[in-house]
file structure07.csv (CSV, C-alpha atoms)
chain,number,residue,atom,x,y,z
A,1,MET,CA,77.5,85.6,89.7
A,2,TYR,CA,75.0,88.1,90.9
A,3,THR,CA,74.8,91.9,90.4
A,4,TYR,CA,73.4,93.9,93.3
A,5,LYS,CA,71.8,97.3,93.3
A,6,PHE,CA,71.7,99.4,96.5
A,7,VAL,CA,68.9,101.9,96.6
A,8,GLU,CA,68.7,104.6,99.4
A,9,ILE,CA,65.2,105.8,100.4
A,10,LYS,CA,65.2,109.3,101.9
A,11,HIS,CA,63.3,109.9,105.1
A,12,SER,CA,61.6,113.0,106.5
A,13,MET,CA,63.6,114.8,109.1
A,14,TRP,CA,60.5,115.7,111.0
A,15,THR,CA,58.5,112.4,111.0
A,16,GLY,CA,61.2,109.8,110.3
A,17,LYS,CA,58.9,108.2,107.7
A,18,PRO,CA,60.0,107.4,104.2
A,19,VAL,CA,59.5,110.3,101.7
A,20,GLU,CA,59.1,107.8,98.9
A,21,ASN,CA,56.8,104.8,98.8
A,22,PHE,CA,59.1,101.8,99.1
A,23,GLU,CA,56.5,99.4,97.5
A,24,ASP,CA,56.4,101.6,94.4
A,25,ILE,CA,60.2,101.5,94.2
A,26,ILE,CA,60.3,97.7,94.5
A,27,HIS,CA,57.6,97.3,91.8
A,28,ASN,CA,59.4,99.7,89.4
A,29,TYR,CA,62.7,97.9,89.8
A,30,ALA,CA,60.9,94.5,89.4
A,31,LEU,CA,59.5,95.7,86.0
A,32,GLN,CA,63.2,96.3,85.0
A,33,GLY,CA,64.0,92.7,85.9
A,34,TRP,CA,65.5,93.3,89.4
A,35,ARG,CA,64.6,91.0,92.3
A,36,PHE,CA,64.0,92.3,95.8
A,37,VAL,CA,66.3,90.8,98.4
A,38,GLN,CA,66.2,92.8,101.7
A,39,ILE,CA,65.5,96.1,103.4
A,40,ALA,CA,68.1,97.3,106.0
A,41,GLN,CA,67.8,100.2,108.4
A,42,ASP,CA,70.4,102.2,110.2
call {"tool": "encode", "arguments": {"input": "structure07.csv", "output": "structure tokens"}}
result
Amino acid sequence: MYTYKFVEIKHSMWTGKPVENFEDIIHNYALQGWRFVQIAQD
């Protein structure tokens, strides 16, 4: 059985670009033992 964690990345209202660096977020979670699966966008 797997455990999944859903992480929401906020985007700028003006530019539509992520406010946070998603690569840094992925690396930080990997250091905690999580494994990256997928990015989904609305």
call {"tool": "atom_distance", "arguments": {"input": "structure07.csv", "atom1": "CA of Ile9 in chain A", "atom2": "CA of Gly33 in chain A"}}
result
19.6 Å
call {"tool": "residues_around", "arguments": {"input": "structure07.csv", "residues": "Lys5 in chain A", "least_positions_apart": "5", "cutoff": "10 Å", "atoms": "all atoms listed in the file", "output": "MDAnalysis selection string"}}
result
chainID A and resid 29 34:37
call {"tool": "residues_around", "arguments": {"input": "structure07.csv", "residues": "Lys10 in chain A", "least_positions_apart": "5", "cutoff": "8 Å", "atoms": "only C-alpha atoms", "output": "VMD selection string"}}
result
chain A and resid 18 to 20
call {"tool": "atom_distance", "arguments": {"input": "structure07.csv", "atom1": "CA of Ile26 in chain A", "atom2": "CA of Tyr2 in chain A"}}
result
17.9 Å
call {"tool": "closest_residue", "arguments": {"input": "structure07.csv", "among": "A:Glu8, A:Thr3, A:Gly16, A:Ile25", "to": "Ala40 in chain A", "atoms": "only C-alpha atoms"}}
result
A:Glu8
call {"tool": "build_atoms", "arguments": {"input": "structure07.csv", "residues": "range 2-32 of chain A", "atoms": "N, CA and C atoms", "output": "compact mmCIF listing (two decimals), keeping the file's coordinate frame"}}
result
# COMPACT_ATOMS: atom_id res chain seq x y z
N TYR A 2 76.12 87.23 90.74
CA TYR A 2 75.00 88.10 90.90
C TYR A 2 75.44 89.58 90.80
N THR A 3 74.55 90.44 90.34
CA THR A 3 74.80 91.90 90.40
C THR A 3 73.76 92.46 91.36
N TYR A 4 74.24 93.29 92.27
CA TYR A 4 73.40 93.90 93.30
C TYR A 4 73.25 95.38 93.06
N LYS A 5 72.07 95.90 93.36
CA LYS A 5 71.80 97.30 93.30
C LYS A 5 71.39 97.80 94.65
N PHE A 6 72.04 98.83 95.15
CA PHE A 6 71.70 99.40 96.50
C PHE A 6 70.93 100.68 96.23
N VAL A 7 69.75 100.77 96.82
CA VAL A 7 68.90 101.90 96.60
C VAL A 7 68.63 102.56 98.00
N GLU A 8 68.90 103.84 98.11
CA GLU A 8 68.70 104.60 99.40
C GLU A 8 67.35 105.29 99.29
N ILE A 9 66.53 105.12 100.30
CA ILE A 9 65.20 105.80 100.40
C ILE A 9 65.35 106.91 101.41
N LYS A 10 65.05 108.13 100.99
CA LYS A 10 65.20 109.30 101.90
C LYS A 10 63.99 109.28 102.89
N HIS A 11 64.29 109.76 104.09
CA HIS A 11 63.30 109.90 105.10
C HIS A 11 63.09 111.30 105.56
N SER A 12 61.90 111.64 106.00
CA SER A 12 61.60 113.00 106.50
C SER A 12 62.35 113.27 107.76
N MET A 13 62.93 114.45 107.85
CA MET A 13 63.60 114.80 109.10
C MET A 13 62.65 114.97 110.23
N TRP A 14 61.42 115.36 109.95
CA TRP A 14 60.50 115.70 111.00
C TRP A 14 59.71 114.41 111.49
N THR A 15 59.31 113.56 110.57
CA THR A 15 58.50 112.40 111.00
C THR A 15 59.31 111.10 111.03
N GLY A 16 60.44 111.06 110.33
CA GLY A 16 61.20 109.80 110.30
C GLY A 16 60.66 108.81 109.30
N LYS A 17 59.54 109.15 108.66
CA LYS A 17 58.90 108.20 107.70
C LYS A 17 59.54 108.40 106.33
N PRO A 18 59.49 107.34 105.52
CA PRO A 18 60.00 107.40 104.20
C PRO A 18 59.30 108.52 103.35
N VAL A 19 60.08 109.27 102.58
CA VAL A 19 59.50 110.30 101.70
C VAL A 19 58.90 109.61 100.48
N GLU A 20 59.53 108.52 100.05
CA GLU A 20 59.10 107.80 98.90
C GLU A 20 58.37 106.49 99.34
N ASN A 21 57.47 106.01 98.54
CA ASN A 21 56.80 104.80 98.80
C ASN A 21 57.67 103.60 98.41
N PHE A 22 58.17 102.83 99.38
CA PHE A 22 59.10 101.80 99.10
C PHE A 22 58.47 100.67 98.23
N GLU A 23 57.16 100.46 98.36
CA GLU A 23 56.50 99.40 97.50
C GLU A 23 56.52 99.82 96.07
N ASP A 24 56.31 101.11 95.78
CA ASP A 24 56.40 101.60 94.40
C ASP A 24 57.79 101.40 93.83
N ILE A 25 58.79 101.69 94.65
CA ILE A 25 60.20 101.50 94.20
C ILE A 25 60.47 100.08 93.88
N ILE A 26 60.05 99.16 94.75
CA ILE A 26 60.30 97.70 94.50
C ILE A 26 59.57 97.28 93.23
N HIS A 27 58.33 97.70 93.03
CA HIS A 27 57.60 97.30 91.80
C HIS A 27 58.26 97.87 90.56
N ASN A 28 58.72 99.12 90.62
CA ASN A 28 59.40 99.70 89.40
C ASN A 28 60.66 98.97 89.09
N TYR A 29 61.46 98.61 90.08
CA TYR A 29 62.70 97.90 89.80
C TYR A 29 62.35 96.45 89.30
N ALA A 30 61.29 95.85 89.82
CA ALA A 30 60.90 94.50 89.40
C ALA A 30 60.51 94.54 87.88
N LEU A 31 59.88 95.61 87.44
CA LEU A 31 59.50 95.70 86.00
C LEU A 31 60.77 95.79 85.14
N GLN A 32 61.90 96.23 85.73
CA GLN A 32 63.20 96.30 85.00
C GLN A 32 63.95 94.99 85.09
